Amino acid sequence: MSAPPPITAEQVAQHGLTKAEYQRICDLLGRKPNLAELGIFSAMWSEHCSYKSSKPHLKTLPTEGPRVLQGPGENAGVVDIGDGLAAVFKIESHNHPSFIEPYQGAATGVGGILRDIFTMGARPIALLNSLRFGNPDSPKMRYLFNGVVKGIAGYGNCIGVPTVGGDIYFDDCYDGNILVNVFCLGLARADKIFLGNASGVGNAIVYVGSKTGRDGIHGAVMSSAEFDDSTEEKRPTVQVGDPFMEKLLLEACLEIMQKDWVVGVQDMGAAGLTSSAFEMAERADSGVSLDLDAVPVRETGMNAYEIMLSESQERMVFVIESGHEEEALAIFRKWDLDAAVIGRVTDDRHMRIRSHGEEVVALPIEVVVHGATETHRPTRKPKYLETAQHLNLHEIEVLGRGDDALKKLLASPTIASKECVFDQYDHMVGLNTLVLPGSDAAVLRIPDSEKALAISVDCNSRYCYLDPFQGAQIAVAESCRNLVCSGAEPVGVTNCLNFGNPENPEIMWQFEQAVRGLGDFCRFFNIPVVSGNVSLYNETKGEAIFPTPTVAVVGLLEDRSRHMTQWFKQPGHRIGVLGL
Amino acid sequence: MKCGVVTFPGSNCDRDCFHILKNVYGADTHWIWHKDTSLDGFDLVVLPGGFSYGDYLRAGSIARFSPIMKAVVDHANRGGLLWGICNGFQILVEAGLLPGALLDNHTQKYMCRYVHLKVENAGTAFTRACEPGEVLNIPIAHAQGSYYADAGTLQQLEDTGRIVFRYCDVQGNVSEEANPNGSLANVAGLINEAGNVLGMMPHPERCADPVWPQTDGQKLFDSLFHKTRVQA
Amino acid sequence: MLAKIHVTLKQGVLDPQGKAVHHALNDLGYAEVRDVHLGRYMEIELDAVEQAEAEARVRDMCEKLLANTVIESYRFTLEPAN
Amino acid sequence: MLAKIHVTLKQGVLDPQGKAVHHALNDLGYAEVRDVHLGRYMEIELDAVEQAEAEARVRDMCEKLLANTVIESYRFTLEPAN
Ligand SMILES: Nc1ncnc2c1ncn2[C@@H]1O[C@H](COP(=O)(O)OP(=O)(O)O)[C@@H](O)[C@H]1O
């Protein structure tokens, strides 16, 4: 094979790396990276994977507590709920893909969060979603709305996990950037939680799931001599979800996790095989060797770059004790899934990747996973607050009281009944849904137990715009009130922080304030934050969305028969108000 | 009565059906894998709801060729009880074990909600615990539940009393408003000539556990297990 | 060889999807649309065999799986692969 | 006039339905099936206008509604009505 052409400054830029970052890579490696290695750094040092802008702030969140079995750092958070059981949950965003292709963007969002849950060994028992749309008067927005709802329904219903709640807000600030945050809750045995560890030298790295295609690899970075022009059309910008494949994957994974020779599991999400392999090695302080020729592919002529960075959906990586490879493959084959041993765990703290008989990537694990410098982005209190927070109550037009005003409120899209939406979600499958959509919180019974779990997702972003600190506190307070009204005690928080461009100090100030507000509230009430997600750059042409720190709180009911619903039950009952 | 619930790739409600049969009715219940080839000794076989093969191409169109289906057909021909619920019903019509076809809901949307069903035939093995004309409150959850059969077939079904459930309102009126998906003649469930194969779109297993406030689904299970009508 | 298969609803079977597309097009300003029928299109690549045998096989596939002959009709063409 | 429109997934986009049908056909004994792609077929009856204008209108309909151009491509023919 001829020597590859040298990396150009243009390619570095197209990969989203600054000159300083590229220089840092060369310094840390002691040499220049090749194109595949550049692609790996581009993915792993991206905001999405490295959390470089948000880490300094997320570190301040309270993540520990007597019930916490697993805090942030793994695929999902785990909370002990007694009786030997654990609740596994997380919320994740899929905002940008959903704006481009609402059905598939939302569908693959559901697929991604489901995998984050069952990769920990938990059977998913409930899905919720938090959606933000722009002005529904525009046909484009109605198209996005219908597509997202159908996509969530299409994927969630097919895989048989009930979608039991959520929230939907409409506001002009989301005209250019809709938000699709998906939450999933699963149940597992507290002593059978699986982590994403590649430990045990010699253990097998097993790939299972859909064949790898060119999904998610963008044309912009393909400007090198290694690729020919005809591959451009073949590179889809949006992934298509296959919920049937995911259902097979889910059942096969839960079956194989009964065995005691499964050492580690991780799903292939953003940055595909690259992020899973590197993260698993980093957590176990080990190394990994991969042979890409063994990876099941669905397109011909895929090179190392494409295979490592493909974002094809419905794929997982298992670490199997050496000697049990055939048994593992047999279980996957029973479910008619593609599976193959694609590598081994090593002890040299490197990722060594072979393709067509040659070593094409050799990178130190730690440099890739932790090498991106935390960017301490400057913050500045926004100018708009100078006017926004000054309110003269006397200047507000008082509408007439009575029926008309009430009807107007009830008809506003954000407040109006969402029955036409949750009617499209199967909210009953699994026979665990105690409280159907429409009440304050979703309540699910825990099979073979007297207990129940409740979930509420909330965020009034308008409050967050006016005061991110208070707004974030109001969001988590609202979730907690919803849980308490249903009879549950809050036991864990997950959150998805949706914000604009972090390079804008005013947005970064909103972020910092919201995280602080959330953290203070959770510390005061002793509710740990066990997982979450961050979605930045939600802005178009300089117009950012309102800061939207979406919060989902999970609560526990010791006695499910004492759950409560919000509806008036009988004529003659008295109505009371608690609080000022 | 030996009961079996078939798990096709993509079945979701198999666990729900299994739970009702085994835990609520205490029946001798077994899992049946789609690749199994024998159903010897089974009295009741259930084809559960879900999305077998993702509902790809047409709901039930691929599952009907599963290896187990040969044994399912034999079981039905032998007079064994065969119960297709939702996706199970779709598989039965694709396999020709029941006449007609199930098309997309006329709203072009999935719908999950409680509906009312009128028991048109209370003489079947699945409905003998019901009163003729009784109204049951049972949920549906499907995107392709609109029943179709050509005029001749439909007439024959009517004449021979093989339409077992029709969508109706809370008073039992079989009306267009009460028809959630556009099914011809508001057909929600029907039986074969011999009376041992029932296909229905609604999910009785979702309202048969006494833990829930809604338990109308129990009427069907009670019928199968030879129980008289449950008192309050 | 390449089989190109069209599957459409039989006459008399309601096509609500077609109707929905029809109305959507009218609403978008395409008043000239008089009727819309939706169907399925499939392309199947097959190992090459004699034309007659291939036709028989493809017909079989349609009857068995690709079309639900209770509600759908089908037609197909066979051509050499590209 | 009759517009005959074919909408198919773009190259490289995952086709879960095609994959499922492919495996089903292989399992049914049709080992000669190498690949399967599913798409949509539409027949649209239109009031007659000039060919060029009709083509422009139909292309517009495809771009706007009938095809999801993020993941699908389309082609069509126009002929006089039967
Ligand atoms: N806002 C947040 N609050 C708490 N934990 C967070 C937050 N955002 C991300 N995390 C944690 O950081 C880790 C990395 O997040 P992410 O890249 O979304 O995970 P994954 O790759 O498993 O999808 C996860 O363990 C996640 O729980």
# chains A, B, ... in the order shown; residues from 1 in each chain; ligands from 1
$ residues_around --residues "stretch 272-280 of chain A" --least-positions-apart "2" --cutoff "6 Å" --atoms "only C-alpha atoms" --output "list of chain:residue names"
A:Gly196, A:Asn197, A:Ala198, A:Met268, A:Gly269, A:Ala270, A:Glu282, A:Arg283, A:Met308, A:Leu309, A:Ser310, A:Glu311
$ interface_residues --of "chain A" --to "chain B" --cutoff "9 Å" --atoms "only C-alpha atoms" --output "PyMOL selection string"
chain A and resi 150+153-154+157-161+242-245+247-248+335-336+422-431+434
$ residues_near_ligand --ligand "ligand 1" --cutoff "7 Å" --atoms "only C-alpha atoms and all ligand atoms" --output "number ranges by chain"
A: 48-49, 58, 72-77, 90, 92, 116, 269-270, 494-497, 529-534
$ atom_distance --atom1 "atom CA of A:Ile331" --atom2 "atom CA of A:Val317"
14.4 Å
$ closest_residue --among "D:Met42, D:Leu28, D:Leu9, D:Leu2" --to "chain A" --atoms "only C-alpha atoms"
D:Leu9
$ residues_around --residues "C:Ile44" --least-positions-apart "6" --cutoff "12 Å" --atoms "only C-alpha atoms" --output "VMD selection string"
(chain C and resid 1 to 6 54 57 to 58 61 to 62 66 76 to 81) or (chain D and resid 18 to 19 21 to 22 25 to 26 30 32 to 39)
$ select_by_dssp --residues "chain D" --states "strand (DSSP E)" --output "VMD selection string"
chain D and resid 2 to 9 33 to 46 72 to 79
$ closest_residue --among "B:Lys219, B:Arg64, B:Lys118, B:His30" --to "chain D" --atoms "only C-alpha atoms"
B:Arg64
$ residues_around --residues "B:Asn181" --least-positions-apart "2" --cutoff "6 Å" --atoms "only C-alpha atoms" --output "mmCIF file with N, CA and C atoms, in the first residue's frame"
data_model
loop_
_atom_site.group_PDB
_atom_site.id
_atom_site.type_symbol
_atom_site.label_atom_id
_atom_site.label_comp_id
_atom_site.auth_asym_id
_atom_site.auth_seq_id
_atom_site.Cartn_x
_atom_site.Cartn_y
_atom_site.Cartn_z
ATOM 1 N N ASN B 105 -55.388 1.382 9.648
ATOM 2 C CA ASN B 105 -56.500 2.149 10.238
ATOM 3 C C ASN B 105 -56.848 3.292 9.289
ATOM 4 N N HIS B 106 -58.145 3.609 9.173
ATOM 5 C CA HIS B 106 -58.492 4.649 8.203
ATOM 6 C C HIS B 106 -57.925 6.016 8.591
ATOM 7 N N SER B 146 -57.983 -2.502 10.456
ATOM 8 C CA SER B 146 -59.223 -2.321 9.710
ATOM 9 C C SER B 146 -59.569 -3.604 8.950
ATOM 10 N N ASN B 179 -66.695 3.044 15.558
ATOM 11 C CA ASN B 179 -65.713 2.236 14.820
ATOM 12 C C ASN B 179 -64.376 2.973 14.786
ATOM 13 N N SER B 183 -63.032 -0.694 10.195
ATOM 14 C CA SER B 183 -63.307 -2.099 9.872
ATOM 15 C C SER B 183 -64.691 -2.244 9.251
#
